[in-house]
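Source file query00.tsv; content: TSV, C-alpha atoms and all ligand atoms.
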```tsv
chain	number	residue	atom	x	y	z
S	1	MET	CA	-11.59	-20.79	17.26
S	2	LYS	CA	-13.30	-18.61	14.63
S	3	ASN	CA	-11.41	-15.77	12.91
S	4	TRP	CA	-12.37	-12.20	13.69
S	5	PRO	CA	-15.09	-11.10	11.29
S	6	LEU	CA	-14.71	-8.33	8.71
S	7	TRP	CA	-16.23	-4.87	9.28
S	8	GLU	CA	-16.77	-2.05	6.81
S	9	VAL	CA	-15.71	1.37	8.06
S	10	PHE	CA	-17.47	4.66	7.27
S	11	ILE	CA	-16.07	8.01	8.37
S	12	ARG	CA	-17.62	11.45	8.59
S	13	SER	CA	-14.71	13.79	7.96
S	14	LYS	CA	-16.49	16.79	9.48
S	15	ASN	CA	-19.96	17.73	10.59
S	16	GLY	CA	-22.09	18.70	7.65
S	17	LEU	CA	-20.66	15.94	5.46
S	18	GLU	CA	-21.95	12.38	5.07
S	19	HIS	CA	-20.16	9.28	6.32
S	20	ARG	CA	-18.07	7.81	3.54
S	21	HIS	CA	-16.82	4.28	3.11
S	22	CYS	CA	-13.07	4.16	3.61
S	23	GLY	CA	-12.14	0.49	3.91
S	24	SER	CA	-12.52	-2.50	6.12
S	25	LEU	CA	-10.86	-4.25	9.03
S	26	HIS	CA	-11.10	-7.30	11.25
S	27	ALA	CA	-12.34	-7.12	14.85
S	28	SER	CA	-13.96	-9.51	17.31
S	29	ASP	CA	-16.88	-7.18	18.09
S	30	ALA	CA	-18.31	-3.74	17.35
S	31	THR	CA	-16.45	-1.99	20.16
S	32	MET	CA	-13.12	-3.30	18.96
S	33	ALA	CA	-14.04	-2.50	15.37
S	34	LEU	CA	-14.61	1.14	16.37
S	35	GLU	CA	-11.31	1.30	18.24
S	36	ASN	CA	-9.40	-0.30	15.38
S	37	ALA	CA	-11.09	2.00	12.88
S	38	ARG	CA	-9.97	4.97	14.97
S	39	ASP	CA	-6.36	3.71	14.86
S	40	VAL	CA	-6.29	2.59	11.25
S	41	TYR	CA	-8.33	5.29	9.50
S	42	THR	CA	-8.17	8.48	11.59
S	43	ARG	CA	-4.56	8.97	12.66
S	44	ARG	CA	-4.51	12.49	11.25
S	45	MET	CA	-7.87	13.93	12.20
S	46	GLU	CA	-9.58	12.46	9.15
S	47	GLY	CA	-12.82	12.02	11.05
S	48	VAL	CA	-15.24	13.23	13.68
S	49	SER	CA	-17.54	10.21	13.59
S	50	ILE	CA	-17.17	6.53	12.68
S	51	TRP	CA	-19.68	3.88	11.65
S	52	VAL	CA	-18.71	0.21	11.56
S	53	VAL	CA	-20.95	-2.39	9.94
S	54	PRO	CA	-20.38	-6.14	9.77
S	55	SER	CA	-19.47	-6.76	6.12
S	56	ALA	CA	-21.71	-9.82	6.09
S	57	GLN	CA	-24.70	-7.54	6.78
S	58	ILE	CA	-24.31	-5.55	3.57
S	59	THR	CA	-26.50	-6.47	0.64
S	60	ALA	CA	-24.98	-5.24	-2.59
S	61	SER	CA	-26.40	-4.99	-6.08
S	62	ASN	CA	-24.82	-7.25	-8.64
S	63	PRO	CA	-22.88	-5.58	-11.48
S	64	GLU	CA	-24.49	-8.11	-13.81
S	65	ASP	CA	-27.86	-6.50	-13.08
S	66	SER	CA	-26.58	-3.00	-13.77
S	67	ALA	CA	-28.42	-2.71	-17.08
S	68	GLU	CA	-31.87	-3.48	-15.71
S	69	LEU	CA	-31.27	-1.43	-12.56
S	70	PHE	CA	-29.78	1.69	-14.00
S	71	ASP	CA	-30.55	1.84	-17.71
S	72	PRO	CA	-34.22	2.85	-17.23
S	73	ALA	CA	-33.01	6.26	-16.03
S	74	LYS	CA	-31.06	6.84	-19.22
S	75	ASP	CA	-33.95	7.81	-21.51
S	76	LYS	CA	-35.70	10.12	-19.04
S	77	ALA	CA	-34.19	13.41	-20.06
S	78	TYR	CA	-37.39	15.13	-18.87
S	79	ARG	CA	-36.14	14.64	-15.30
S	80	HIS	CA	-33.47	17.24	-15.93
S	81	PRO	CA	-34.05	21.01	-15.94
S	82	THR	CA	-32.27	21.44	-19.28
S	83	PHE	CA	-35.01	19.40	-20.98
S	84	TYR	CA	-37.35	22.39	-20.75
S	85	GLU	CA	-36.55	25.02	-23.34
S	86	LEU	CA	-37.68	28.41	-22.16
S	87	PRO	CA	-37.19	31.94	-23.53
S	88	ASP	CA	-33.86	33.65	-22.77
S	89	GLU	CA	-35.67	36.64	-21.24
S	90	LEU	CA	-36.62	34.41	-18.35
S	91	LYS	CA	-33.95	34.94	-15.70
S	92	HIS	CA	-33.23	32.90	-12.61
S	93	MET	CA	-35.15	29.73	-13.36
V	94	MET	CA	-19.09	-19.98	-20.11
V	95	SER	CA	-17.69	-20.90	-23.50
V	96	GLU	CA	-14.18	-19.92	-24.54
V	97	HIS	CA	-15.64	-17.55	-27.08
V	98	GLU	CA	-17.78	-15.79	-24.47
V	99	VAL	CA	-14.77	-15.38	-22.15
V	100	LYS	CA	-12.76	-13.92	-25.02
V	101	ASN	CA	-15.56	-11.46	-25.62
V	102	LEU	CA	-15.74	-10.45	-21.96
V	103	GLU	CA	-11.99	-10.02	-21.88
V	104	GLU	CA	-12.14	-7.64	-24.81
V	105	ILE	CA	-14.83	-5.57	-23.13
V	106	PHE	CA	-12.79	-5.64	-19.93
V	107	ASP	CA	-9.57	-4.48	-21.59
V	108	ALA	CA	-11.47	-1.72	-23.36
V	109	ARG	CA	-12.88	-0.49	-20.05
V	110	ILE	CA	-9.39	-0.22	-18.59
V	111	ALA	CA	-8.09	1.47	-21.72
V	112	ARG	CA	-10.88	4.08	-21.26
V	113	ASP	CA	-9.58	4.64	-17.71
V	114	GLU	CA	-12.65	3.08	-16.11
V	115	LYS	CA	-12.05	1.49	-12.73
V	116	ILE	CA	-12.66	-2.16	-11.99
V	117	GLU	CA	-14.53	-2.83	-8.75
V	118	PRO	CA	-14.46	-6.09	-6.75
V	119	LYS	CA	-17.78	-7.54	-7.91
V	120	ASP	CA	-17.20	-6.77	-11.59
V	121	TRP	CA	-16.35	-9.62	-13.90
V	122	MET	CA	-12.59	-9.88	-14.35
V	123	PRO	CA	-10.25	-12.34	-16.06
V	124	GLU	CA	-8.93	-14.91	-13.61
V	125	LYS	CA	-5.40	-13.81	-14.42
V	126	TYR	CA	-6.25	-10.22	-13.46
V	127	ARG	CA	-7.58	-11.44	-10.13
V	128	GLN	CA	-4.56	-13.62	-9.41
V	129	THR	CA	-2.04	-11.00	-10.48
V	130	HIS	CA	-3.71	-8.43	-8.26
V	131	ILE	CA	-3.87	-10.76	-5.30
V	132	ARG	CA	-0.18	-11.42	-5.74
V	133	GLN	CA	0.89	-7.81	-6.15
V	134	ILE	CA	-1.38	-6.26	-3.51
V	135	SER	CA	-0.53	-8.91	-0.93
V	136	GLN	CA	3.20	-8.62	-1.60
V	137	HIS	CA	2.78	-4.93	-1.10
V	138	ALA	CA	0.86	-5.45	2.17
V	139	HIS	CA	3.46	-7.94	3.43
V	140	SER	CA	6.21	-5.42	2.65
V	141	GLU	CA	4.52	-2.78	4.78
V	142	ILE	CA	4.15	-5.21	7.67
V	143	VAL	CA	7.63	-6.76	7.51
V	144	GLY	CA	8.98	-3.26	6.90
V	145	MET	CA	8.09	-2.35	10.48
V	146	LEU	CA	10.63	-4.81	11.86
V	147	PRO	CA	13.96	-3.20	10.88
V	148	GLU	CA	12.74	0.15	12.23
V	149	GLY	CA	11.11	-1.34	15.30
V	150	ASN	CA	14.64	-2.37	16.23
V	151	TRP	CA	15.47	1.26	17.10
V	152	ILE	CA	12.36	2.53	18.90
V	153	THR	CA	13.76	1.97	22.37
V	154	ARG	CA	17.11	3.45	21.39
V	155	ALA	CA	15.98	6.59	19.60
V	156	PRO	CA	18.29	9.45	20.63
V	157	SER	CA	15.54	11.80	21.85
V	158	LEU	CA	11.86	11.81	22.70
V	159	LYS	CA	11.16	13.83	19.54
V	160	ARG	CA	12.86	11.21	17.36
V	161	LYS	CA	11.11	8.44	19.24
V	162	VAL	CA	7.56	9.75	18.74
V	163	ALA	CA	8.29	10.42	15.07
V	164	LEU	CA	9.66	6.91	14.54
V	165	LEU	CA	6.73	5.37	16.41
V	166	ALA	CA	4.26	7.35	14.31
V	167	LYS	CA	6.03	6.33	11.13
V	168	ILE	CA	6.00	2.66	12.03
V	169	GLN	CA	2.35	2.87	13.04
V	170	ASP	CA	1.62	4.34	9.59
V	171	GLU	CA	3.32	1.32	8.00
V	172	ALA	CA	1.02	-0.95	9.99
V	173	GLY	CA	-1.88	1.11	8.68
V	174	HIS	CA	-0.59	0.77	5.10
V	175	GLY	CA	-0.42	-2.98	5.51
V	176	LEU	CA	-4.01	-3.02	6.77
V	177	TYR	CA	-5.36	-0.80	3.96
V	178	LEU	CA	-3.73	-3.12	1.48
V	179	TYR	CA	-4.81	-6.38	3.08
V	180	SER	CA	-8.35	-5.09	3.11
V	181	ALA	CA	-8.10	-4.12	-0.58
V	182	CYS	CA	-6.72	-7.57	-1.35
V	183	GLU	CA	-9.51	-9.35	0.54
V	184	THR	CA	-12.09	-7.77	-1.80
V	185	LEU	CA	-10.70	-10.14	-4.46
V	186	GLY	CA	-11.98	-13.12	-2.52
V	187	ILE	CA	-8.97	-14.25	-0.53
V	188	SER	CA	-9.11	-14.33	3.28
V	189	ARG	CA	-6.74	-12.59	5.67
V	190	GLU	CA	-5.85	-16.01	7.10
V	191	GLU	CA	-4.71	-17.26	3.70
V	192	LEU	CA	-2.69	-14.11	3.12
V	193	TYR	CA	-0.88	-14.44	6.45
V	194	ASP	CA	-0.36	-18.09	5.76
V	195	GLN	CA	1.34	-17.32	2.45
V	196	LEU	CA	3.66	-14.87	4.19
V	197	HIS	CA	4.47	-17.16	7.10
V	198	SER	CA	5.06	-20.21	4.96
V	199	GLY	CA	7.43	-18.29	2.69
V	200	LYS	CA	5.15	-18.75	-0.30
V	201	ALA	CA	4.57	-15.01	-0.64
V	202	LYS	CA	7.33	-12.50	-1.21
V	203	TYR	CA	7.85	-9.09	0.28
V	204	SER	CA	10.27	-6.32	-0.63
V	205	SER	CA	13.85	-7.62	-0.48
V	206	ILE	CA	15.08	-4.42	1.17
V	207	PHE	CA	13.67	-5.39	4.55
V	208	ASN	CA	16.03	-8.33	4.78
V	209	TYR	CA	18.94	-6.01	5.52
V	210	PRO	CA	19.88	-5.26	9.14
V	211	THR	CA	19.59	-1.86	10.84
V	212	LEU	CA	22.96	-1.49	12.53
V	213	THR	CA	23.01	2.13	13.70
V	214	TRP	CA	20.61	4.99	14.38
V	215	ALA	CA	21.62	6.51	11.03
V	216	ASP	CA	19.86	3.58	9.37
V	217	MET	CA	16.55	5.12	10.50
V	218	GLY	CA	17.53	8.19	8.49
V	219	ALA	CA	18.65	6.19	5.48
V	220	ILE	CA	15.50	4.08	5.44
V	221	GLY	CA	13.14	7.06	5.61
V	222	TRP	CA	15.08	8.99	3.00
V	223	LEU	CA	15.97	6.19	0.57
V	224	VAL	CA	13.61	3.28	1.15
V	225	ASP	CA	10.48	5.37	1.67
V	226	GLY	CA	11.76	7.65	-1.10
V	227	ALA	CA	11.96	4.73	-3.52
V	228	ALA	CA	8.59	3.45	-2.29
V	229	ILE	CA	6.97	6.81	-3.07
V	230	ILE	CA	8.33	6.72	-6.61
V	231	ASN	CA	6.89	3.25	-6.99
V	232	GLN	CA	3.55	4.07	-5.38
V	233	VAL	CA	2.51	7.42	-6.79
V	234	PRO	CA	1.70	5.95	-10.24
V	235	LEU	CA	-0.42	3.28	-8.51
V	236	THR	CA	-2.90	5.87	-7.25
V	237	THR	CA	-4.40	5.71	-10.77
V	238	THR	CA	-4.20	1.95	-11.24
V	239	SER	CA	-7.23	0.14	-12.66
V	240	PHE	CA	-8.42	-1.80	-9.61
V	241	GLY	CA	-10.51	0.63	-7.51
V	242	PRO	CA	-9.75	-0.64	-3.99
V	243	TYR	CA	-5.99	-0.76	-4.71
V	244	ALA	CA	-6.00	2.75	-6.20
V	245	ARG	CA	-7.92	4.13	-3.20
V	246	ALA	CA	-5.59	2.44	-0.72
V	247	MET	CA	-2.61	3.91	-2.57
V	248	VAL	CA	-4.06	7.41	-2.36
V	249	ARG	CA	-4.17	7.09	1.43
V	250	VAL	CA	-0.70	5.54	1.56
V	251	CYS	CA	0.88	8.24	-0.60
V	252	LYS	CA	-0.61	11.02	1.52
V	253	GLU	CA	1.20	9.55	4.52
V	254	GLU	CA	4.53	8.66	2.95
V	255	SER	CA	5.87	12.15	2.52
V	256	PHE	CA	6.28	12.61	6.27
V	257	HIS	CA	8.28	9.36	6.38
V	258	GLN	CA	10.76	10.54	3.84
V	259	ARG	CA	11.11	13.99	5.34
V	260	GLN	CA	11.73	12.71	8.86
V	261	GLY	CA	14.35	10.31	7.48
V	262	PHE	CA	16.14	12.96	5.49
V	263	GLN	CA	16.15	15.25	8.51
V	264	ILE	CA	17.84	12.53	10.59
V	265	MET	CA	20.53	12.18	7.90
V	266	MET	CA	20.92	15.94	7.58
V	267	THR	CA	21.31	16.38	11.34
V	268	LEU	CA	23.92	13.63	11.54
V	269	ALA	CA	25.76	14.97	8.50
V	270	GLU	CA	25.98	18.40	10.14
V	271	GLY	CA	27.12	16.88	13.46
V	272	THR	CA	30.46	15.64	14.79
V	273	PRO	CA	32.85	13.80	12.44
V	274	GLU	CA	31.68	10.53	14.02
V	275	GLN	CA	28.05	11.39	13.38
V	276	LYS	CA	28.76	12.34	9.78
V	277	GLU	CA	30.70	9.11	9.38
V	278	MET	CA	27.68	7.22	10.71
V	279	ALA	CA	25.41	8.89	8.15
V	280	GLN	CA	27.85	8.12	5.32
V	281	ASP	CA	28.13	4.50	6.43
V	282	ALA	CA	24.33	4.13	6.40
V	283	LEU	CA	24.15	5.64	2.90
V	284	ASN	CA	26.91	3.26	1.76
V	285	ARG	CA	24.97	0.23	2.95
V	286	TRP	CA	21.47	1.29	1.81
V	287	TRP	CA	22.20	2.90	-1.55
V	288	PHE	CA	22.41	-0.15	-3.78
V	289	PRO	CA	19.69	-2.16	-2.04
V	290	SER	CA	17.40	0.87	-2.47
V	291	LEU	CA	18.11	1.01	-6.21
V	292	MET	CA	17.43	-2.71	-6.55
V	293	MET	CA	14.26	-2.40	-4.49
V	294	LEU	CA	12.66	-0.85	-7.59
V	295	GLY	CA	12.80	-4.29	-9.20
V	296	PRO	CA	14.79	-6.21	-11.81
V	297	THR	CA	15.93	-4.49	-15.00
V	298	ASP	CA	13.37	-4.19	-17.78
V	299	ALA	CA	15.25	-6.82	-19.75
V	300	ALA	CA	14.86	-9.32	-16.89
V	301	SER	CA	11.33	-8.32	-15.88
V	302	VAL	CA	8.65	-10.86	-16.79
V	303	HIS	CA	5.43	-9.09	-15.88
V	304	THR	CA	5.92	-5.63	-17.30
V	305	GLU	CA	3.87	-5.74	-20.50
V	306	GLN	CA	0.72	-7.22	-18.99
V	307	SER	CA	1.05	-5.01	-15.92
V	308	MET	CA	1.33	-1.93	-18.09
V	309	LYS	CA	-1.90	-2.84	-19.86
V	310	TRP	CA	-3.72	-3.20	-16.53
V	311	LYS	CA	-2.12	0.01	-15.21
V	312	LEU	CA	-0.55	-1.98	-12.40
V	313	LYS	CA	2.60	-0.44	-13.69
V	314	ARG	CA	2.81	2.91	-15.43
V	315	LYS	CA	6.57	3.19	-15.73
V	316	THR	CA	9.15	0.45	-16.12
V	317	ASN	CA	11.52	-0.49	-13.28
V	318	ASP	CA	14.45	1.13	-15.08
V	319	GLU	CA	12.52	4.38	-15.56
V	320	LEU	CA	11.58	4.42	-11.88
V	321	ARG	CA	15.19	3.72	-10.90
V	322	GLN	CA	16.47	6.56	-13.07
V	323	GLN	CA	13.91	8.90	-11.55
V	324	PHE	CA	15.04	7.86	-8.06
V	325	VAL	CA	18.72	8.40	-8.82
V	326	ASP	CA	18.13	11.77	-10.47
V	327	GLN	CA	16.12	12.98	-7.54
V	328	THR	CA	18.31	11.57	-4.75
V	329	VAL	CA	21.88	12.35	-5.85
V	330	PRO	CA	21.48	16.15	-5.49
V	331	GLN	CA	19.91	15.60	-2.04
V	332	ALA	CA	23.02	13.68	-0.93
V	333	HIS	CA	25.27	16.44	-2.25
V	334	MET	CA	23.20	19.01	-0.43
V	335	ILE	CA	24.05	17.48	2.94
V	336	GLY	CA	27.66	16.73	2.01
V	337	LEU	CA	27.37	12.96	1.68
V	338	THR	CA	28.93	10.88	-1.11
V	339	ILE	CA	26.99	8.38	-3.20
V	340	PRO	CA	29.00	5.14	-2.91
V	341	ASP	CA	29.31	4.70	-6.67
V	342	PRO	CA	32.61	5.85	-8.20
V	343	THR	CA	31.19	5.53	-11.71
V	344	LEU	CA	28.29	7.88	-11.04
V	345	LYS	CA	28.29	10.88	-13.39
V	346	PHE	CA	25.88	13.45	-14.72
V	347	ASN	CA	25.29	13.30	-18.44
V	348	GLU	CA	24.90	16.88	-19.62
V	349	GLU	CA	23.19	15.78	-22.79
V	350	THR	CA	20.50	13.51	-21.35
V	351	LYS	CA	20.31	15.47	-18.07
V	352	HIS	CA	20.36	12.17	-16.23
V	353	TYR	CA	22.82	10.58	-13.83
V	354	GLU	CA	24.53	7.49	-15.14
V	355	PHE	CA	25.27	4.88	-12.51
V	356	GLY	CA	27.21	1.64	-12.21
V	357	GLU	CA	26.14	-1.97	-12.57
V	358	LEU	CA	23.99	-3.31	-9.76
V	359	ASP	CA	24.73	-6.60	-8.06
V	360	TRP	CA	21.72	-8.57	-9.27
V	361	ASP	CA	23.17	-11.83	-7.95
V	362	GLU	CA	22.92	-10.39	-4.48
V	363	PHE	CA	19.37	-9.20	-5.21
V	364	TRP	CA	18.21	-12.66	-6.29
V	365	GLN	CA	19.97	-14.28	-3.35
V	366	VAL	CA	18.03	-12.03	-0.98
V	367	VAL	CA	14.75	-12.59	-2.86
V	368	LYS	CA	15.28	-16.34	-2.63
V	369	GLY	CA	15.63	-16.15	1.13
V	370	HIS	CA	19.38	-15.92	1.61
V	371	GLY	CA	19.66	-12.26	2.66
V	372	PRO	CA	21.17	-11.32	6.00
V	373	CYS	CA	17.84	-11.19	7.87
V	374	ASN	CA	15.25	-13.23	5.90
V	375	LYS	CA	14.92	-15.91	8.57
V	376	GLU	CA	14.81	-13.42	11.41
V	377	ARG	CA	12.07	-11.37	9.75
V	378	ILE	CA	9.78	-14.30	9.03
V	379	SER	CA	10.30	-15.87	12.42
V	380	ALA	CA	9.45	-12.54	14.09
V	381	ARG	CA	6.17	-12.47	12.11
V	382	VAL	CA	5.35	-16.10	12.81
V	383	ASN	CA	6.08	-15.66	16.53
V	384	ALA	CA	3.94	-12.54	16.75
V	385	TRP	CA	1.08	-14.39	15.06
V	386	ASN	CA	1.38	-17.57	17.12
V	387	ASN	CA	1.93	-15.81	20.43
V	388	GLY	CA	-1.09	-13.62	19.78
V	389	LYS	CA	-3.40	-16.56	19.17
V	390	TRP	CA	-4.68	-16.77	22.74
V	391	VAL	CA	-5.53	-13.07	22.65
V	392	ARG	CA	-7.47	-13.43	19.40
V	393	ASP	CA	-9.28	-16.47	20.75
V	394	ALA	CA	-10.11	-14.77	24.04
V	395	ALA	CA	-11.50	-11.71	22.25
V	396	MET	CA	-13.64	-13.93	20.02
V	397	ALA	CA	-14.89	-15.98	22.98
V	398	TYR	CA	-15.81	-12.77	24.79
V	399	ALA	CA	-17.63	-11.39	21.74
V	400	GLU	CA	-19.62	-14.61	21.34
V	401	LYS	CA	-20.52	-14.65	25.02
V	402	GLN	CA	-21.75	-11.06	24.84
V	403	ALA	CA	-23.77	-11.80	21.70
V	404	ASN	CA	-25.39	-14.81	23.40
V	405	LYS	CA	-26.30	-12.68	26.40
V	406	GLU	CA	-28.04	-10.18	24.14
V	407	VAL	CA	-30.00	-12.96	22.47
V	408	LYS	CA	-31.08	-14.35	25.87
V	409	GLN	CA	-32.13	-10.92	27.10
V	410	ALA	CA	-34.15	-10.43	23.93
V	411	ILE	CA	-36.04	-13.65	24.65
B	501	FE	FE	4.28	2.47	3.82
B	502	FE	FE	6.62	4.68	4.67
```
Show the structure stored in the file as structure tokens.
Ligand SMILES: [Fe+2]
Ligand SMILES: [Fe+2]
Amino acid sequence: MKNWPLWEVFIRSKNGLEHRHCGSLHASDATMALENARDVYTRRMEGVSIWVVPSAQITASNPEDSAELFDPAKDKAYRHPTFYELPDELKHM
Amino acid sequence: MSEHEVKNLEEIFDARIARDEKIEPKDWMPEKYRQTHIRQISQHAHSEIVGMLPEGNWITRAPSLKRKVALLAKIQDEAGHGLYLYSACETLGISREELYDQLHSGKAKYSSIFNYPTLTWADMGAIGWLVDGAAIINQVPLTTTSFGPYARAMVRVCKEESFHQRQGFQIMMTLAEGTPEQKEMAQDALNRWWFPSLMMLGPTDAASVHTEQSMKWKLKRKTNDELRQQFVDQTVPQAHMIGLTIPDPTLKFNEETKHYEFGELDWDEFWQVVKGHGPCNKERISARVNAWNNGKWVRDAAMAYAEKQANKEVKQAI
């Protein structure tokens, strides 16, 4: 018989905050994954909402491609407010 | 990849760690880094899991409901710690099955301390106070180790450990303040757990093979002897506070160094236990193997049910 698949667990610690990845676990199906996530990752009120996602369903970028993915943003200082030099008299902008 | 290219990558890798950058699972890493981490993280996970057994022995015999819920919660935390760590270890490309297999076959090690028996209720106090106490000293520096998933798991673990130690110390304190028999029970537990707890922090620096490499990778931030000294310095005054005696007649405070000096440890005993000849090694492993084997039909049934449900959904979709 097959082993229980791996699930990634995301927890929202309180309303107003995003779900954050906190680890993974094995479970036979989504319902069990939620129950296990409750027991493993929220024993002390760490969460108000849980997402579980089959790990196999996640497509991740490859660290080897980091340069071509992320370097293009490096030389675009004009995307930041500090790029624009304005007179000191100008307040609140 | 040529040898030269690997050498190059290794230099970049070491420099990243030296700059306090974290290594994440999909990053390139030297094979030795991967293997060392699999070994250390899995040993750590196994220790959490096997560590539930000596304490599980006393759940049904806890002296009050309050003590029972606390002990249950503590043991459940240890299960959680094992699971955080197994999941961190699996990011390095080893499966849970393989990890269990290494534990069950005796190929993997776990902390030698869990091969000692828990003879009285006071042992629940001594374990929380001393064993979890030593574990905390070992684990806190690991919250800043170089491998991201391990560091994150250790942050969660450390947040939970402090309750373990406090509930243990409170058990010892209560017994020590109780009847002469109760105090005697607390002293007896301290006598039996003191030296194994000191040795739990690992062989002396002189006998330790992995230290230098582990220091470089931040898998270790202090040597075993430094950790042991820290443990002794912190624990001796706690024992005095509750009127218990450390079972080491040579123990004395050095006014100059401000450290406690303690006697020789029985490293022959330590290595005997590590090699499988401790009082409970066989019992611990067979309990794990039985739990795994006897649970097989449950795991299979759950998987069969999940597959059946998934097939139903597919059929309905058509
Ligand atoms: Fe633990
Ligand atoms: Fe603990």
Quiz prompt | Distance filter 6 Å around ligand FE 502 (chain B), atoms: only C-alpha atoms and all ligand atoms, out as an MDAnalysis selection string | solution = chainID V and resid 171 225 254 257
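What separates CA of Thr129 (chain V) from CA of Ser307 (chain V) is a distance of 8.7 Å.
Considering all atoms listed in the file, the residues that reside within 10 Å of ligand FE 501 (chain B) can be listed as His137, Ala138, Ser140, Glu141, Ile142, Gly144, Met145, Lys167, Ile168, Gln169, Asp170, Glu171, Ala172, Gly173, His174, Gly175, Val224, Asp225, Ala228, Ile229, Gln232, Met247, Arg249, Val250, Cys251, Glu253, Glu254, Ser255 and His257 of chain V.
Environment of (-16.6, 16.3, 13.4): residues at most 9 Å away, judged by only C-alpha atoms, are Arg12, Ser13, Lys14, Asn15, Gly16, Leu17, Gly47, Val48 and Ser49 of chain S.
In this structure, CA of His197 (chain V) sits 10.0 Å away from CA of His139 (chain V).
Interatomic distance, CA of His19 (chain S) against CA of Lys115 (chain V): 22.1 Å.
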Practice problem: Residues of chain V near chain S: apply a cut-off of 12 Å, count all atoms listed in the file, and supply the list as number ranges by chain. | Solution: V: 116-122, 166-167, 169-184, 188-191, 241-243, 245-246, 248-250, 252-253, 256, 389-403
Exercise. Return the single residue from V:Asp194, V:Glu124, V:Glu277, V:Glu104 that is closest to Gly336 (chain V), with distances computed using all atoms listed in the file.
Key: V:Glu277
Could I see region 368-372 of chain V restored to all heavy atoms, set down as a PDB file, in the frame of the given file?
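selection_26.pdb, written as the output of this step:
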```pdb
ATOM      1  N   LYS V 368      15.474 -14.897  -2.836  1.00  0.00           N
ATOM      2  CA  LYS V 368      15.280 -16.340  -2.630  1.00  0.00           C
ATOM      3  C   LYS V 368      15.409 -16.763  -1.182  1.00  0.00           C
ATOM      4  O   LYS V 368      15.339 -17.951  -0.872  1.00  0.00           O
ATOM      5  CB  LYS V 368      16.272 -17.115  -3.500  1.00  0.00           C
ATOM      6  CG  LYS V 368      15.879 -17.061  -4.974  1.00  0.00           C
ATOM      7  CD  LYS V 368      16.768 -17.910  -5.853  1.00  0.00           C
ATOM      8  CE  LYS V 368      16.388 -17.740  -7.315  1.00  0.00           C
ATOM      9  NZ  LYS V 368      17.553 -17.406  -8.147  1.00  0.00           N
ATOM     10  N   GLY V 369      15.635 -15.790  -0.289  1.00  0.00           N
ATOM     11  CA  GLY V 369      15.630 -16.150   1.130  1.00  0.00           C
ATOM     12  C   GLY V 369      16.990 -16.186   1.774  1.00  0.00           C
ATOM     13  O   GLY V 369      17.109 -16.548   2.943  1.00  0.00           O
ATOM     14  N   HIS V 370      18.038 -15.816   1.035  1.00  0.00           N
ATOM     15  CA  HIS V 370      19.380 -15.920   1.610  1.00  0.00           C
ATOM     16  C   HIS V 370      19.994 -14.576   1.963  1.00  0.00           C
ATOM     17  O   HIS V 370      21.207 -14.428   2.005  1.00  0.00           O
ATOM     18  CB  HIS V 370      20.300 -16.687   0.647  1.00  0.00           C
ATOM     19  CG  HIS V 370      19.683 -17.964   0.163  1.00  0.00           C
ATOM     20  ND1 HIS V 370      19.284 -18.957   1.035  1.00  0.00           N
ATOM     21  CD2 HIS V 370      19.350 -18.389  -1.077  1.00  0.00           C
ATOM     22  CE1 HIS V 370      18.733 -19.945   0.325  1.00  0.00           C
ATOM     23  NE2 HIS V 370      18.761 -19.626  -0.946  1.00  0.00           N
ATOM     24  N   GLY V 371      19.140 -13.564   2.210  1.00  0.00           N
ATOM     25  CA  GLY V 371      19.660 -12.260   2.660  1.00  0.00           C
ATOM     26  C   GLY V 371      20.063 -12.356   4.117  1.00  0.00           C
ATOM     27  O   GLY V 371      19.798 -13.365   4.769  1.00  0.00           O
ATOM     28  N   PRO V 372      20.682 -11.279   4.622  1.00  0.00           N
ATOM     29  CA  PRO V 372      21.170 -11.320   6.000  1.00  0.00           C
ATOM     30  C   PRO V 372      20.073 -11.544   7.046  1.00  0.00           C
ATOM     31  O   PRO V 372      20.355 -12.117   8.092  1.00  0.00           O
ATOM     32  CB  PRO V 372      21.852  -9.959   6.188  1.00  0.00           C
ATOM     33  CG  PRO V 372      21.687  -9.192   4.934  1.00  0.00           C
ATOM     34  CD  PRO V 372      21.079 -10.067   3.896  1.00  0.00           C
TER      35      PRO V 372
END
```
